[in-house]
Amino acid sequence: MGHHPVNTNTTASGAGRAARFVAAQTLLTLDARHPFVGKSLIDAQDMHRTVMSGFPGWVDDGSPDPRAQMGILSTWTVDLRQARLNLVVQSSLPADWSGIPRAALAEKPEPLTVDRTFRIGDRVAFRAVVNPVRSVPPPPGSPPKTRGTRVPHTRPEHVKGWFTRRLQPPGEPAVAPDGVTRIGADADTDRIAVRMLPNVSSQAPHKGLRIARAEIKGTLTVTDPTAFVTALAQGIGHARAYSCGLILVR
């Protein structure tokens, strides 16, 4: 799996260690009643195409994992009362949204350059929509190389446990003993809020694609700036091509 380069300037002077995060973000406010937008809300593959449409020409057609190469992550919310789809897209390259039908835009795209340096002890409010799944090994007697299945967590307390495994207490390594990649930050788990969101799905070409989603909010304390910047740049968990895994901080 390809990983895009992370913009980190790391200084290893003990407690003064810092890492810099640089990325482009765009807030797209779209009219949920427009057919172009409605399709994206109904079909996860269409939402993926909408996000990727902002980056024509950066990588060759057929290139493996263009999303990861360009550092593209996204997350969205829908305001049913206002009939608005609010889509945030993050990338390591500038986006060009001229391919989106003008009538589908409720407002002009709002581009933002994020350039932040994080240090040990920094506290940030965060929000992330994740695909919280656990791997279940194949049954005994399965043929060699049979892959396990991913089973979604469906209860908030289990999602909180999924996220807690990715927290990195002070002095702990960036990869947990069980192989889970940690996020370079710790949190008071009692103050983390979890809300289950509707699944998203797609009919074609991925027959039966169903992605469980949960929103996690709270406050993080940075413990390992380099690992934290990597998590911000690369996202966490599975289904990152389908608007999961982006950690938004402020």
# chains A, B, ... in the order shown; residues from 1 in each chain; ligands from 1

call {"tool": "residues_around", "arguments": {"residues": "Ala128 in chain A", "least_positions_apart": "2", "cutoff": "10 Å", "atoms": "only C-alpha atoms", "output": "ChimeraX atom specification"}}
result
/A:75,126,130-131,194,214-218,235-236,244-249

call {"tool": "closest_residue", "arguments": {"among": "A:Arg134, A:Val159, A:Val124, A:Met196", "to": "Leu220 in chain A", "atoms": "only C-alpha atoms"}}
result
A:Val124

call {"tool": "select_by_dssp", "arguments": {"residues": "range 151-182 of chain A", "states": "helix (DSSP H, G or I)", "output": "PDB file with C-alpha atoms, in the first residue's frame"}}
result
ATOM      1  CA  PRO A 156     -20.560   3.054  20.658  1.00  0.00           C
ATOM      2  CA  GLU A 157     -18.661   1.403  23.545  1.00  0.00           C
ATOM      3  CA  HIS A 158     -16.994  -1.018  21.107  1.00  0.00           C
ATOM      4  CA  VAL A 159     -16.081   1.853  18.769  1.00  0.00           C
ATOM      5  CA  LYS A 160     -14.564   3.682  21.746  1.00  0.00           C
ATOM      6  CA  GLY A 161     -12.505   0.561  22.491  1.00  0.00           C
ATOM      7  CA  TRP A 162     -11.387   0.441  18.832  1.00  0.00           C
ATOM      8  CA  PHE A 163     -10.211   4.056  19.067  1.00  0.00           C
ATOM      9  CA  THR A 164      -8.613   3.620  22.510  1.00  0.00           C
TER      10      THR A 164
END

call {"tool": "closest_residue", "arguments": {"among": "A:Phe21, A:Trp76, A:Trp58, A:Phe36", "to": "Leu93 in chain A", "atoms": "only C-alpha atoms"}}
result
A:Trp58

call {"tool": "atom_distance", "arguments": {"atom1": "CA of Pro111 in chain A", "atom2": "CA of Ala241 in chain A"}}
result
20.6 Å

call {"tool": "atom_distance", "arguments": {"atom1": "CA of Val129 in chain A", "atom2": "CA of Ala18 in chain A"}}
result
26.1 Å

call {"tool": "closest_atom_pairs", "arguments": {"of": "range 89-170 of chain A", "to": "range 174-187 of chain A", "cutoff": "7 Å", "atoms": "only C-alpha atoms", "output": "JSON lines"}}
result
{"residue": "A:Arg166", "atom": "CA", "partner": "A:Arg182", "partner_atom": "CA", "distance": 4.3}
{"residue": "A:Leu167", "atom": "CA", "partner": "A:Asp186", "partner_atom": "CA", "distance": 5.1}
{"residue": "A:Gln168", "atom": "CA", "partner": "A:Ala185", "partner_atom": "CA", "distance": 5.2}
{"residue": "A:Pro169", "atom": "CA", "partner": "A:Asp186", "partner_atom": "CA", "distance": 5.2}

call {"tool": "select_by_dssp", "arguments": {"residues": "range 3-235 of chain A", "states": "strand (DSSP E or B)", "output": "PyMOL selection string"}}
result
chain A and resi 11+18-31+73-79+84-91+105+110-119+123-130+133-136+149-152+175+181+185-186+193-202+209-222

call {"tool": "residues_around", "arguments": {"residues": "range 116-120 of chain A", "least_positions_apart": "6", "cutoff": "7 Å", "atoms": "only C-alpha atoms", "output": "CSV table (one decimal) with N, CA and C atoms, in the first residue's frame"}}
result
chain,number,residue,atom,x,y,z
A,15,ALA,N,12.1,16.9,25.2
A,15,ALA,CA,10.7,17.4,25.3
A,15,ALA,C,10.3,18.4,24.3
A,16,GLY,N,11.3,19.0,23.6
A,16,GLY,CA,11.1,20.0,22.6
A,16,GLY,C,10.8,19.4,21.2
A,17,ARG,N,10.7,18.1,21.2
A,17,ARG,CA,10.4,17.5,19.8
A,17,ARG,C,9.2,18.1,19.2
A,18,ALA,N,9.3,18.3,17.9
A,18,ALA,CA,8.1,18.9,17.2
A,18,ALA,C,8.0,18.3,15.8
A,19,ALA,N,6.9,18.3,15.2
A,19,ALA,CA,6.7,17.9,13.9
A,19,ALA,C,5.7,18.8,13.2
A,20,ARG,N,6.0,19.1,11.9
A,20,ARG,CA,5.2,20.1,11.2
A,20,ARG,C,4.2,19.4,10.2
A,21,PHE,N,3.0,19.8,10.2
A,21,PHE,CA,2.0,19.2,9.3
A,21,PHE,C,1.6,20.3,8.2
A,22,VAL,N,1.7,19.9,7.0
A,22,VAL,CA,1.4,20.8,5.9
A,22,VAL,C,0.4,20.1,5.0
A,222,VAL,N,-1.0,15.6,22.4
A,222,VAL,CA,0.1,15.1,21.6
A,222,VAL,C,1.2,14.5,22.5
A,223,THR,N,1.5,13.2,22.2
A,223,THR,CA,2.6,12.6,22.9
A,223,THR,C,3.8,12.2,22.0
A,224,ASP,N,3.6,12.1,20.7
A,224,ASP,CA,4.6,11.7,19.8
A,224,ASP,C,4.3,12.5,18.5
A,225,PRO,N,4.9,13.8,18.4
A,225,PRO,CA,4.5,14.6,17.3
A,225,PRO,C,4.7,14.0,15.9

call {"tool": "closest_residue", "arguments": {"among": "A:Ser53, A:Asp115, A:Ser40, A:Arg84", "to": "Ala233 in chain A", "atoms": "only C-alpha atoms"}}
result
A:Asp115

call {"tool": "closest_atom_pairs", "arguments": {"of": "range 43-74 of chain A", "to": "range 94-105 of chain A", "cutoff": "12 Å", "atoms": "only C-alpha atoms", "output": "JSON lines"}}
result
{"residue": "A:Arg49", "atom": "CA", "partner": "A:Ile100", "partner_atom": "CA", "distance": 10.8}
{"residue": "A:Thr50", "atom": "CA", "partner": "A:Ile100", "partner_atom": "CA", "distance": 7.8}
{"residue": "A:Val51", "atom": "CA", "partner": "A:Trp97", "partner_atom": "CA", "distance": 9.2}
{"residue": "A:Met52", "atom": "CA", "partner": "A:Ala95", "partner_atom": "CA", "distance": 9.2}
{"residue": "A:Ser53", "atom": "CA", "partner": "A:Gly99", "partner_atom": "CA", "distance": 6.8}
{"residue": "A:Gly54", "atom": "CA", "partner": "A:Asp96", "partner_atom": "CA", "distance": 4.7}
{"residue": "A:Phe55", "atom": "CA", "partner": "A:Ala95", "partner_atom": "CA", "distance": 5.5}
{"residue": "A:Pro56", "atom": "CA", "partner": "A:Asp96", "partner_atom": "CA", "distance": 7.8}
{"residue": "A:Gly57", "atom": "CA", "partner": "A:Asp96", "partner_atom": "CA", "distance": 10.4}
{"residue": "A:Trp58", "atom": "CA", "partner": "A:Pro94", "partner_atom": "CA", "distance": 9.9}
{"residue": "A:Met70", "atom": "CA", "partner": "A:Pro94", "partner_atom": "CA", "distance": 9.6}
{"residue": "A:Gly71", "atom": "CA", "partner": "A:Pro94", "partner_atom": "CA", "distance": 10.7}
{"residue": "A:Ile72", "atom": "CA", "partner": "A:Ala95", "partner_atom": "CA", "distance": 9.9}

call {"tool": "write_last_selection", "arguments": {"atoms": "C-alpha atoms", "output": "CSV table (one decimal), in the first residue's frame"}}
result
chain,number,residue,atom,x,y,z
A,49,ARG,CA,-15.4,9.8,-7.7
A,50,THR,CA,-16.6,13.3,-6.6
A,51,VAL,CA,-13.6,13.6,-4.2
A,52,MET,CA,-11.1,12.3,-6.8
A,53,SER,CA,-12.5,14.7,-9.5
A,54,GLY,CA,-10.6,17.5,-7.9
A,55,PHE,CA,-7.2,16.0,-8.8
A,56,PRO,CA,-7.1,15.4,-12.6
A,57,GLY,CA,-3.7,14.8,-14.2
A,58,TRP,CA,-1.5,14.5,-11.1
A,70,MET,CA,-1.9,12.4,-3.5
A,71,GLY,CA,-2.6,12.2,0.2
A,72,ILE,CA,-6.3,12.5,-0.4

call {"tool": "atom_distance", "arguments": {"atom1": "CA of Leu27 in chain A", "atom2": "CA of Leu112 in chain A"}}
result
8.2 Å

call {"tool": "residues_around", "arguments": {"residues": "Pro137 in chain A", "least_positions_apart": "3", "cutoff": "12 Å", "atoms": "only C-alpha atoms", "output": "list in words"}}
result
Arg134, Pro140, Gly141, Ser142, Lys145, Thr146, Arg147, Gly148, Thr149, Arg150 and Val151 of chain A

call {"tool": "closest_residue", "arguments": {"among": "A:Pro143, A:Val78, A:Arg155, A:Gly121", "to": "Gly38 in chain A", "atoms": "only C-alpha atoms"}}
result
A:Val78
